[in-house]
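Source file: final_37.cif. Holds: mmCIF, C-alpha atoms and all ligand atoms.
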data_model
loop_
_atom_site.label_atom_id
_atom_site.label_comp_id
_atom_site.auth_asym_id
_atom_site.auth_seq_id
_atom_site.Cartn_x
_atom_site.Cartn_y
_atom_site.Cartn_z
CA MET A 4 2.50 10.84 -25.47
CA SER A 5 0.40 13.58 -23.88
CA PHE A 6 -2.77 13.33 -21.80
CA LYS A 7 -4.69 14.82 -24.74
CA ASP A 8 -3.71 11.79 -26.85
CA LEU A 9 -5.47 9.63 -24.29
CA GLN A 10 -8.75 11.28 -25.22
CA LEU A 11 -9.61 12.68 -21.82
CA ASN A 12 -12.05 15.54 -21.77
CA LYS A 13 -11.34 19.13 -20.84
CA PRO A 14 -12.42 19.25 -17.18
CA ILE A 15 -10.23 16.24 -16.42
CA LEU A 16 -7.31 17.62 -18.43
CA ARG A 17 -7.60 20.88 -16.53
CA ALA A 18 -7.42 19.10 -13.16
CA ILE A 19 -4.44 17.06 -14.31
CA ALA A 20 -2.64 20.21 -15.44
CA GLU A 21 -3.34 21.85 -12.09
CA ALA A 22 -1.96 18.79 -10.30
CA GLY A 23 1.26 19.58 -12.15
CA TYR A 24 1.41 16.48 -14.33
CA ASP A 25 2.96 17.18 -17.73
CA ASN A 26 2.72 13.77 -19.35
CA PRO A 27 1.23 10.41 -18.52
CA THR A 28 3.48 7.90 -16.80
CA LEU A 29 4.15 4.57 -18.47
CA VAL A 30 1.48 2.70 -16.56
CA GLN A 31 -1.06 5.40 -17.40
CA GLU A 32 -0.13 5.36 -21.07
CA LYS A 33 -0.55 1.59 -21.25
CA THR A 34 -3.62 1.19 -19.04
CA ILE A 35 -5.92 4.12 -19.81
CA PRO A 36 -6.82 3.08 -23.41
CA PHE A 37 -7.83 -0.44 -22.31
CA VAL A 38 -9.94 0.87 -19.45
CA LEU A 39 -11.73 3.25 -21.82
CA GLU A 40 -12.39 0.29 -24.13
CA LYS A 41 -14.06 -1.45 -21.16
CA LYS A 42 -11.56 -4.28 -21.14
CA ASP A 43 -10.55 -6.18 -18.01
CA VAL A 44 -6.92 -5.60 -17.11
CA ILE A 45 -4.27 -7.01 -14.80
CA VAL A 46 -1.68 -4.40 -14.05
CA SER A 47 1.51 -5.21 -12.27
CA ALA A 48 2.78 -1.89 -10.96
CA GLN A 49 3.92 -0.52 -7.66
CA THR A 50 2.97 2.58 -5.77
CA GLY A 51 4.91 5.51 -7.13
CA THR A 52 4.36 4.60 -10.77
CA GLY A 53 1.20 6.71 -11.04
CA LYS A 54 -1.07 3.66 -10.96
CA THR A 55 -3.92 5.37 -9.12
CA ALA A 56 -4.44 7.86 -11.91
CA ALA A 57 -4.15 4.97 -14.37
CA PHE A 58 -7.54 3.76 -13.19
CA ALA A 59 -8.99 6.98 -11.74
CA LEU A 60 -8.72 9.07 -14.92
CA PRO A 61 -10.44 6.66 -17.33
CA ILE A 62 -13.12 5.90 -14.72
CA LEU A 63 -13.89 9.60 -14.40
CA GLN A 64 -13.86 9.93 -18.17
CA SER A 65 -16.32 7.03 -18.58
CA LEU A 66 -18.65 8.34 -15.89
CA PHE A 67 -18.58 11.90 -17.13
CA ASP A 68 -21.87 11.51 -18.95
CA TYR A 69 -23.66 10.51 -15.77
CA GLN A 70 -22.38 13.43 -13.80
CA ASP A 71 -25.55 15.44 -13.88
CA ALA A 72 -27.83 12.76 -12.44
CA PRO A 73 -29.86 14.17 -9.55
CA LYS A 74 -27.86 13.72 -6.37
CA ASN A 75 -30.10 11.23 -4.64
CA GLY A 76 -30.61 9.35 -7.91
CA LYS A 77 -26.89 8.67 -8.18
CA LYS A 78 -25.85 5.02 -8.27
CA ILE A 79 -22.44 3.57 -7.47
CA LYS A 80 -20.96 3.03 -10.93
CA ALA A 81 -17.36 2.49 -9.95
CA LEU A 82 -16.16 0.61 -6.88
CA ILE A 83 -12.53 0.62 -5.78
CA VAL A 84 -11.59 -1.93 -3.15
CA SER A 85 -8.46 -1.23 -1.16
CA PRO A 86 -6.85 -3.43 1.51
CA THR A 87 -5.88 -0.66 3.92
CA ARG A 88 -7.56 2.42 5.24
CA GLU A 89 -4.67 4.73 4.44
CA LEU A 90 -4.57 3.58 0.88
CA ALA A 91 -8.33 4.05 0.58
CA VAL A 92 -8.00 7.63 1.80
CA GLN A 93 -5.16 8.26 -0.62
CA ILE A 94 -7.16 6.94 -3.58
CA PHE A 95 -10.10 9.08 -2.48
CA GLU A 96 -7.89 12.18 -2.43
CA ASN A 97 -6.67 11.37 -5.94
CA PHE A 98 -10.24 11.07 -7.22
CA LYS A 99 -11.15 14.36 -5.55
CA THR A 100 -8.27 16.10 -7.27
CA TYR A 101 -8.98 14.73 -10.74
CA SER A 102 -12.75 15.28 -10.50
CA THR A 103 -12.55 18.91 -9.32
CA TYR A 104 -14.21 20.20 -12.49
CA THR A 105 -16.88 17.53 -12.76
CA ASN A 106 -20.06 16.94 -10.79
CA LEU A 107 -19.11 13.37 -10.03
CA ARG A 108 -19.33 12.46 -6.37
CA THR A 109 -16.80 10.22 -4.67
CA ALA A 110 -16.95 8.73 -1.18
CA VAL A 111 -14.62 6.61 0.92
CA ILE A 112 -15.63 4.10 3.59
CA PHE A 113 -13.39 2.07 5.88
CA GLY A 114 -13.50 0.33 9.22
CA GLY A 115 -12.07 1.43 12.53
CA THR A 116 -14.09 4.62 12.53
CA SER A 117 -17.70 5.62 13.13
CA ILE A 118 -20.12 4.16 10.61
CA GLU A 119 -22.92 6.76 10.89
CA PRO A 120 -21.28 9.63 8.97
CA GLN A 121 -20.40 7.15 6.23
CA LYS A 122 -24.06 6.10 6.02
CA ASP A 123 -25.14 9.72 5.66
CA ILE A 124 -22.76 10.31 2.78
CA LEU A 125 -23.84 7.14 0.99
CA ASN A 126 -27.50 7.94 1.44
CA LYS A 127 -26.95 11.21 -0.39
CA GLY A 128 -25.83 9.26 -3.47
CA VAL A 129 -22.35 8.75 -4.90
CA ASP A 130 -20.96 7.78 -8.31
CA ILE A 131 -17.63 6.38 -7.15
CA LEU A 132 -17.04 4.46 -3.95
CA ILE A 133 -13.67 3.59 -2.45
CA ALA A 134 -13.85 1.02 0.32
CA THR A 135 -12.03 -1.49 2.46
CA PRO A 136 -13.63 -4.95 2.22
CA GLY A 137 -14.99 -5.39 5.76
CA ARG A 138 -16.80 -2.08 6.04
CA LEU A 139 -18.13 -2.39 2.50
CA LEU A 140 -19.74 -5.76 3.23
CA ASP A 141 -21.05 -4.46 6.51
CA LEU A 142 -22.78 -1.52 4.86
CA HIS A 143 -24.04 -3.74 2.07
CA LYS A 144 -25.62 -6.05 4.61
CA GLN A 145 -27.36 -3.06 6.12
CA ASP A 146 -28.70 -2.13 2.68
CA ILE A 147 -26.85 1.17 2.65
CA VAL A 148 -24.64 0.19 -0.26
CA ASN A 149 -26.18 -1.02 -3.49
CA LEU A 150 -23.72 -2.64 -5.90
CA ASP A 151 -26.27 -3.48 -8.60
CA TYR A 152 -25.09 -0.68 -10.86
CA VAL A 153 -21.31 -1.10 -10.62
CA GLU A 154 -19.78 -0.96 -14.09
CA THR A 155 -16.13 -0.93 -13.06
CA LEU A 156 -14.64 -2.79 -10.13
CA VAL A 157 -11.04 -2.01 -9.19
CA LEU A 158 -9.08 -4.31 -6.91
CA ASP A 159 -6.09 -2.31 -5.79
CA GLU A 160 -2.98 -3.88 -4.24
CA ALA A 161 -4.51 -7.31 -4.85
CA ASP A 162 -1.46 -9.17 -3.52
CA LEU A 163 -1.66 -7.34 -0.23
CA MET A 164 -5.42 -7.89 -0.12
CA LEU A 165 -4.87 -11.64 -0.34
CA ASP A 166 -1.94 -11.55 2.11
CA MET A 167 -4.29 -9.92 4.60
CA GLY A 168 -6.80 -12.72 4.24
CA PHE A 169 -9.44 -10.86 2.24
CA ILE A 170 -9.84 -13.47 -0.48
CA ASP A 171 -13.35 -14.56 0.50
CA ASP A 172 -14.48 -10.97 0.96
CA VAL A 173 -13.11 -10.01 -2.44
CA LYS A 174 -14.91 -12.90 -4.11
CA LYS A 175 -18.12 -12.01 -2.31
CA ILE A 176 -17.85 -8.36 -3.38
CA GLU A 177 -17.26 -9.43 -6.95
CA ARG A 178 -20.42 -11.55 -6.90
CA LEU A 179 -22.44 -8.68 -5.45
CA CYS A 180 -21.70 -6.50 -8.48
CA THR A 181 -23.31 -7.00 -11.88
CA LYS A 182 -22.04 -9.81 -14.09
CA GLU A 183 -21.24 -7.44 -16.96
CA LYS A 184 -18.87 -5.22 -15.03
CA GLN A 185 -15.31 -4.52 -16.03
CA ILE A 186 -12.62 -5.56 -13.53
CA LEU A 187 -9.28 -3.83 -13.15
CA LEU A 188 -6.82 -5.69 -10.97
CA PHE A 189 -3.75 -3.84 -9.75
CA SER A 190 -1.01 -5.60 -7.86
CA ALA A 191 2.61 -4.79 -7.07
CA THR A 192 3.52 -8.40 -7.79
CA ILE A 193 1.49 -11.19 -9.38
CA PRO A 194 2.08 -14.27 -7.24
CA TYR A 195 0.24 -17.52 -7.95
CA LYS A 196 -2.72 -16.73 -5.70
CA VAL A 197 -3.35 -13.40 -7.48
CA GLU A 198 -3.12 -15.19 -10.81
CA GLN A 199 -5.65 -17.75 -9.54
CA LEU A 200 -8.05 -15.03 -8.42
CA ALA A 201 -7.68 -13.28 -11.77
CA ASN A 202 -8.44 -16.52 -13.58
CA THR A 203 -11.66 -16.98 -11.67
CA ILE A 204 -13.11 -13.50 -11.96
CA LEU A 205 -11.57 -11.63 -14.92
CA LYS A 206 -12.68 -11.99 -18.52
CA ALA A 207 -9.92 -12.19 -21.17
CA PRO A 208 -7.82 -9.58 -19.39
CA GLU A 209 -5.16 -7.45 -21.00
CA ARG A 210 -1.88 -7.68 -19.11
CA ILE A 211 0.26 -4.69 -18.35
CA GLU A 212 3.55 -4.85 -16.58
CA VAL A 213 5.53 -1.90 -15.38
CA ALA A 214 8.98 -2.69 -14.09
CA PRO A 215 9.44 -1.75 -10.47
CA ASN A 216 11.13 1.59 -10.23
CA SER A 217 12.73 0.62 -6.97
CA SER A 218 15.31 -2.10 -6.57
CA THR A 219 16.63 -1.46 -10.00
CA SER A 220 16.88 2.26 -9.40
CA ARG A 221 20.48 3.27 -9.56
CA ASN A 222 19.74 6.17 -7.25
CA ILE A 223 19.25 3.92 -4.24
CA ASN A 224 22.37 3.24 -2.34
CA GLN A 225 21.84 -0.12 -0.60
CA VAL A 226 24.01 -1.06 2.37
CA LEU A 227 24.05 -3.98 4.73
CA TYR A 228 25.15 -4.26 8.36
CA TYR A 229 25.62 -7.65 9.99
CA VAL A 230 24.77 -7.21 13.65
CA PRO A 231 23.76 -9.46 16.58
CA LYS A 232 20.03 -9.27 17.18
CA ARG A 233 20.50 -7.92 20.72
CA ASN A 234 22.57 -4.99 19.39
CA LYS A 235 20.22 -3.83 16.67
CA ILE A 236 18.75 -1.00 18.72
CA GLU A 237 22.22 0.28 19.64
CA LEU A 238 23.34 0.11 16.04
CA CYS A 239 20.20 1.93 14.94
CA LEU A 240 20.85 4.70 17.47
CA HIS A 241 24.50 4.85 16.38
CA LEU A 242 23.47 5.24 12.75
CA LEU A 243 20.87 7.90 13.54
CA ARG A 244 23.45 9.86 15.54
CA ASN A 245 26.26 9.63 13.04
CA THR A 246 25.15 8.63 9.59
CA ILE A 247 21.47 8.80 8.73
CA LYS A 248 19.84 12.21 8.52
CA GLY A 249 16.64 13.65 7.10
CA SER A 250 13.33 11.97 6.67
CA ILE A 251 13.46 8.28 7.47
CA ILE A 252 11.14 5.27 7.56
CA ILE A 253 12.15 2.37 9.77
CA PHE A 254 10.49 -0.95 9.01
CA ARG A 255 9.88 -3.62 11.60
CA ARG A 256 8.08 -6.90 11.15
CA THR A 257 5.74 -6.73 14.12
CA LYS A 258 3.71 -4.08 15.89
CA PHE A 259 5.39 -5.08 19.15
CA GLY A 260 8.76 -4.32 17.58
CA VAL A 261 7.46 -0.99 16.28
CA ASP A 262 6.24 0.08 19.73
CA LYS A 263 9.46 -0.98 21.42
CA LEU A 264 11.68 0.91 19.00
CA GLU A 265 9.45 3.98 19.13
CA LYS A 266 9.77 4.14 22.92
CA THR A 267 13.56 3.88 22.73
CA LEU A 268 13.88 6.56 20.08
CA LEU A 269 11.55 8.90 21.96
CA LYS A 270 13.61 8.40 25.10
CA ASN A 271 16.67 9.36 23.11
CA GLY A 272 15.08 12.61 21.99
CA TYR A 273 14.15 11.73 18.41
CA LYS A 274 11.05 13.11 16.74
CA VAL A 275 9.25 9.93 15.84
CA ASP A 276 5.81 8.45 15.28
CA SER A 277 4.59 5.06 14.16
CA ILE A 278 1.92 3.16 12.27
CA HIS A 279 0.75 -0.42 12.64
CA GLY A 280 -2.43 -2.44 12.42
CA ASP A 281 -3.43 -2.08 16.06
CA LYS A 282 -3.53 1.71 16.04
CA THR A 283 -6.85 3.40 15.41
CA GLN A 284 -7.44 4.93 12.03
CA ASN A 285 -7.20 8.43 13.49
CA LEU A 286 -3.87 7.74 15.15
CA ARG A 287 -2.44 6.24 11.98
CA GLN A 288 -3.57 9.16 9.86
CA GLU A 289 -2.26 11.60 12.43
CA ALA A 290 1.15 9.90 12.43
CA LEU A 291 1.28 10.00 8.65
CA ASN A 292 0.33 13.66 8.54
CA LYS A 293 2.96 14.55 11.13
CA PHE A 294 5.56 12.74 9.06
CA LYS A 295 4.45 14.23 5.76
CA ASN A 296 4.39 17.73 7.25
CA GLY A 297 7.85 17.30 8.74
CA TYR A 298 6.70 17.57 12.34
CA VAL A 299 8.48 14.28 12.97
CA ASN A 300 11.26 13.02 10.71
CA ILE A 301 11.18 9.35 11.66
CA LEU A 302 8.26 7.03 11.00
CA ILE A 303 8.37 3.44 12.25
CA ALA A 304 6.03 1.08 10.45
CA THR A 305 5.06 -2.49 9.79
CA ASP A 306 4.92 -3.45 6.14
CA VAL A 307 1.20 -3.92 6.02
CA ALA A 308 0.47 -0.54 7.59
CA ALA A 309 2.85 1.24 5.24
CA ARG A 310 2.13 -0.49 1.94
CA GLY A 311 0.76 1.61 -0.83
CA ILE A 312 1.14 4.87 1.03
CA ASP A 313 2.60 7.58 -1.10
CA ILE A 314 5.34 9.25 0.91
CA ASN A 315 7.72 11.21 -1.21
CA GLU A 316 11.13 12.62 -0.61
CA LEU A 317 12.46 10.05 1.81
CA ASP A 318 16.15 10.28 2.51
CA ALA A 319 16.51 6.82 3.96
CA VAL A 320 14.80 3.56 4.66
CA ILE A 321 16.04 1.40 7.51
CA ASN A 322 15.21 -2.28 7.42
CA PHE A 323 15.50 -2.83 11.14
CA ASP A 324 14.13 -6.33 10.67
CA LEU A 325 14.59 -7.95 7.31
CA PRO A 326 11.45 -9.13 5.58
CA ASN A 327 11.02 -12.87 5.03
CA ILE A 328 9.41 -12.18 1.67
CA PRO A 329 12.07 -10.76 -0.66
CA GLU A 330 9.57 -8.69 -2.69
CA THR A 331 8.78 -6.79 0.50
CA TYR A 332 12.35 -5.52 0.51
CA VAL A 333 11.77 -4.09 -2.95
CA HIS A 334 8.55 -2.38 -1.81
CA ARG A 335 10.28 -0.91 1.21
CA ILE A 336 13.32 0.54 -0.45
CA GLY A 337 11.28 1.82 -3.39
CA ARG A 338 10.06 4.53 -1.06
CA THR A 339 13.35 6.32 -1.18
CA ALA A 340 15.05 7.85 -4.19
CA ARG A 341 11.76 8.52 -5.94
CA ALA A 342 11.55 10.84 -8.91
CA GLY A 343 15.23 10.91 -9.64
CA LYS A 344 16.30 11.82 -6.13
CA SER A 345 18.92 9.81 -4.32
CA GLY A 346 18.43 7.86 -1.11
CA THR A 347 19.90 5.08 0.95
CA ALA A 348 18.46 1.82 2.19
CA TYR A 349 20.12 0.44 5.33
CA SER A 350 19.53 -3.19 6.22
CA LEU A 351 20.37 -4.66 9.61
CA CYS A 352 20.89 -8.40 9.38
CA SER A 353 21.22 -10.71 12.38
CA ALA A 354 22.37 -14.33 12.26
CA ASP A 355 18.86 -15.70 11.85
CA GLU A 356 18.12 -13.37 8.94
CA LYS A 357 20.98 -14.45 6.70
CA THR A 358 18.72 -16.59 4.52
CA TYR A 359 16.45 -13.59 3.97
CA ILE A 360 19.39 -11.56 2.71
CA LYS A 361 20.38 -14.37 0.40
CA ASN A 362 16.90 -14.48 -1.11
CA ILE A 363 16.73 -10.70 -1.40
CA GLN A 364 20.05 -10.51 -3.22
CA GLN A 365 18.92 -13.22 -5.55
CA LEU A 366 15.72 -11.35 -6.37
CA ILE A 367 17.35 -7.99 -6.99
CA GLN A 368 20.36 -9.54 -8.70
CA LEU A 369 22.70 -7.44 -6.66
CA GLN A 370 25.15 -8.02 -3.83
CA LEU A 371 24.56 -5.39 -1.18
CA ASP A 372 27.58 -3.43 0.04
CA VAL A 373 28.48 -4.71 3.49
CA VAL A 374 29.60 -2.09 6.02
CA GLU A 375 32.03 -3.77 8.36
CA ASP A 376 33.31 -0.74 10.17
CA HIS A 377 30.74 -0.31 12.94
CA PRO A 378 30.71 -0.87 16.73
CA TYR A 379 28.51 -4.01 16.84
CA PRO A 380 29.88 -6.50 14.32
CA LEU A 381 28.37 -9.96 14.10
CA ASP A 382 30.66 -12.91 14.64
CA PRO A 383 30.62 -14.55 11.20
CA LYS A 384 30.30 -17.93 12.91
CA ALA A 385 27.26 -16.88 14.96
CA LYS A 386 24.40 -19.32 14.62
CA PRO A 387 20.78 -18.31 14.56
CA ILE A 388 18.91 -18.62 17.84
CA VAL A 389 16.34 -21.37 17.44
CA HIS A 390 13.13 -21.04 19.41
CA LYS A 391 11.58 -24.40 20.14
CA SER A 392 7.88 -24.60 19.52
CA ASN A 393 5.32 -27.37 19.32
CA LYS A 394 3.12 -25.39 17.02
CA THR A 395 2.73 -26.35 13.42
CA GLY A 396 2.22 -23.49 11.04
CA SER A 397 1.22 -19.95 11.83
CA LYS A 398 -1.68 -19.23 14.09
CA HIS A 399 -2.24 -16.08 12.05
CA LYS A 400 -2.73 -17.96 8.82
CA LYS A 401 -6.29 -16.87 8.39
CA GLY A 402 -5.41 -13.21 8.06
CA ARG A 403 -7.03 -10.30 9.74
CA LYS A 404 -10.52 -10.63 8.42
CA SER A 405 -13.42 -12.75 9.43
CA GLU A 406 -13.58 -14.71 12.67
CA ALA A 407 -10.26 -13.45 13.96
CA SER A 408 -11.07 -9.81 13.57
CA LYS A 409 -14.63 -10.29 14.77
CA LYS A 410 -13.23 -11.71 17.97
CA LYS A 411 -10.86 -8.77 18.11
CA LYS A 412 -7.94 -11.10 17.92
CA LYS A 413 -4.68 -9.19 18.22
CA ARG A 414 -2.92 -8.49 14.97
CA TRP A 415 0.82 -8.83 14.57
CA TYR A 416 1.15 -6.15 11.87
P1 LIG B 501 0.68 6.35 -7.28
O1 LIG B 501 1.57 5.34 -7.93
O2 LIG B 501 -0.68 6.33 -7.84
O3 LIG B 501 0.68 6.23 -5.79
O4 LIG B 501 1.26 7.81 -7.63
C1 LIG B 501 2.49 8.25 -7.15
C2 LIG B 501 2.63 9.75 -7.26
O5 LIG B 501 2.77 10.16 -8.61
C3 LIG B 501 1.44 10.52 -6.70
O6 LIG B 501 1.94 11.52 -5.83
C4 LIG B 501 0.79 11.16 -7.91
O7 LIG B 501 0.23 12.40 -7.60
C5 LIG B 501 1.95 11.29 -8.89
N1 LIG B 501 1.57 11.20 -10.31
C6 LIG B 501 0.64 10.41 -10.86
N2 LIG B 501 0.58 10.57 -12.19
C7 LIG B 501 1.52 11.48 -12.52
C8 LIG B 501 1.96 12.07 -13.75
N3 LIG B 501 1.43 11.74 -14.91
N4 LIG B 501 2.95 12.98 -13.69
C9 LIG B 501 3.51 13.31 -12.50
N5 LIG B 501 3.15 12.80 -11.31
C10 LIG B 501 2.17 11.88 -11.31
#
Please express what this file holds, its structure, as structure tokens.
Amino acid sequence: MSFKDLQLNKPILRAIAEAGYDNPTLVQEKTIPFVLEKKDVIVSAQTGTGKTAAFALPILQSLFDYQDAPKNGKKIKALIVSPTRELAVQIFENFKTYSTYTNLRTAVIFGGTSIEPQKDILNKGVDILIATPGRLLDLHKQDIVNLDYVETLVLDEADLMLDMGFIDDVKKIERLCTKEKQILLFSATIPYKVEQLANTILKAPERIEVAPNSSTSRNINQVLYYVPKRNKIELCLHLLRNTIKGSIIIFRRTKFGVDKLEKTLLKNGYKVDSIHGDKTQNLRQEALNKFKNGYVNILIATDVAARGIDINELDAVINFDLPNIPETYVHRIGRTARAGKSGTAYSLCSADEKTYIKNIQQLIQLQLDVVEDHPYPLDPKAKPIVHKSNKTGSKHKKGRKSEASKKKKKRWY
């Protein structure tokens, strides 16, 4: 199938051609016709599949007829809600590219940065708004954002949005838009809570599923090192010195862990930067740019900070800490070996992470190759270290939004 078959008009086709896309990806081929028919859709697809264009192109196509409205008479007709700031910026850049030859105006708003310039842009009138939930509601409360004319609402990375505690915000945003709007829900995975949300707000949605192009990719070499927790940093340094070269993302579970590893690697002369939820937007963007431009070749990240970000051409992913949610492993390693290239995912597993590895292997239906020949082997009989605690449940359960973030509660991601 070609983009022409999808009935996109010339200015959009021209921008797509200039972006270097020859043909639509699978998710685009399946999704675009439904969006143009104004149907609600649930799309299960990961970053890297071309999912952004799958909603951006038909939205631009549908709004094309409004493009010549006088600037200050423009109303927000499409609203894209994104859980993270980086992802919002990335979606914005995609819209800019595809709308080059139209008069449609796109804006992006997100927290963690000055609100005034965002107000100025909104006051000038935009057709398409990309936003993170908190800042959107804030600006709506101040009467700067009017959602009365939204025809298409996109919820991107819905699973992450819910993981981050945005459920009430998302529901509120949905209610602030018109009843008749079309909703497009994109999610890497569709866990029960996403399904529940979809059931409450979508109308007879079409379902589209695009198999993850990650864990199943034969181009990703996946290896496992059993190592005592206390030796992980040494093993990481050993691997960076001897085995792993090129452009690398290292995942850690907490921002504390990210900072600690960054300091050690810097001390050892590596070119490294990091992203996590406690860094300002500017610092995070700067780190990403440095990594993308090759100024540093190692990026250390928490999952939440890195999700959805399109970083191509990775040579390796290191799972310094293993994720407790097996799907997260799939997201992480999917960042290497994109577009037919090869890459390696290295996982460091300590005694207390053995259950995680079991669950991961079950999910991906693959036994990872264990590398035994390394200087810090784990005694196979080693037992996990148990930390005693009186607490029941996680104190972070409520996610980053609402009361916690208002009180500037520290985030762990
Ligand atoms: P996404 O899944 O939206 O993050 O897109 C992943 C990458 O694929 C981005 O760098 C896009 O620019 C690129 N892309 C999107 N659609 C196509 C296409 N039809 N052909 C080639 N590349 C594409």
Check your understanding: Suppose you want the space between atom C2 of ligand LIG 501 (chain B) and atom CA of Pro61 of chain A; what is it in Å?
Key ->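 Computing it gives 16.8 Å between the two atoms.
In this comparison, which uses all atoms listed in the file, the residue of A:Gln31, A:Gln70, A:Gln145, A:Asn12 approaching ligand LIG 501 (chain B) most closely is A:Gln31.
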Check your understanding: If you count all atoms listed in the file, which residues end up within 8 Å of ligand LIG 501 (chain B), as an MDAnalysis selection string?
Key -> chainID A and resid 19 22:28 31 48:57 94 97 311:315
Could you write those residues out with C-alpha atoms, as a PDB file, in the coordinates of the input?
ATOM      1  CA  ILE A  19      -4.440  17.060 -14.310  1.00  0.00           C
ATOM      2  CA  ALA A  22      -1.960  18.790 -10.300  1.00  0.00           C
ATOM      3  CA  GLY A  23       1.260  19.580 -12.150  1.00  0.00           C
ATOM      4  CA  TYR A  24       1.410  16.480 -14.330  1.00  0.00           C
ATOM      5  CA  ASP A  25       2.960  17.180 -17.730  1.00  0.00           C
ATOM      6  CA  ASN A  26       2.720  13.770 -19.350  1.00  0.00           C
ATOM      7  CA  PRO A  27       1.230  10.410 -18.520  1.00  0.00           C
ATOM      8  CA  THR A  28       3.480   7.900 -16.800  1.00  0.00           C
ATOM      9  CA  GLN A  31      -1.060   5.400 -17.400  1.00  0.00           C
ATOM     10  CA  ALA A  48       2.780  -1.890 -10.960  1.00  0.00           C
ATOM     11  CA  GLN A  49       3.920  -0.520  -7.660  1.00  0.00           C
ATOM     12  CA  THR A  50       2.970   2.580  -5.770  1.00  0.00           C
ATOM     13  CA  GLY A  51       4.910   5.510  -7.130  1.00  0.00           C
ATOM     14  CA  THR A  52       4.360   4.600 -10.770  1.00  0.00           C
ATOM     15  CA  GLY A  53       1.200   6.710 -11.040  1.00  0.00           C
ATOM     16  CA  LYS A  54      -1.070   3.660 -10.960  1.00  0.00           C
ATOM     17  CA  THR A  55      -3.920   5.370  -9.120  1.00  0.00           C
ATOM     18  CA  ALA A  56      -4.440   7.860 -11.910  1.00  0.00           C
ATOM     19  CA  ALA A  57      -4.150   4.970 -14.370  1.00  0.00           C
ATOM     20  CA  ILE A  94      -7.160   6.940  -3.580  1.00  0.00           C
ATOM     21  CA  ASN A  97      -6.670  11.370  -5.940  1.00  0.00           C
ATOM     22  CA  GLY A 311       0.760   1.610  -0.830  1.00  0.00           C
ATOM     23  CA  ILE A 312       1.140   4.870   1.030  1.00  0.00           C
ATOM     24  CA  ASP A 313       2.600   7.580  -1.100  1.00  0.00           C
ATOM     25  CA  ILE A 314       5.340   9.250   0.910  1.00  0.00           C
ATOM     26  CA  ASN A 315       7.720  11.210  -1.210  1.00  0.00           C
TER      27      ASN A 315
END
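Distances to Lys182 of chain A were evaluated for A:Tyr152, A:Gly168, A:Tyr332, A:Pro208 using all atoms listed in the file, and the minimum falls at A:Tyr152.
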Exercise for review: Measure the distance from atom CA of Thr192 of chain A to atom CA of Ser277 of chain A in Å and round it to one decimal.
Suggested key: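 Interatomic distance here is 25.8 Å.
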**Study point:** Counting all atoms listed in the file, the option among A:Asn292, A:Glu209, A:Thr103, A:Gln365 closest to Phe189 of chain A
**Key:**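 Selected residue with least distance to Phe189 of chain A: A:Glu209.
The residue that comes closest to Ile328 of chain A, out of A:Asp166, A:Ile211, A:Ala134, A:Leu242 and on the basis of all atoms listed in the file, is A:Asp166.
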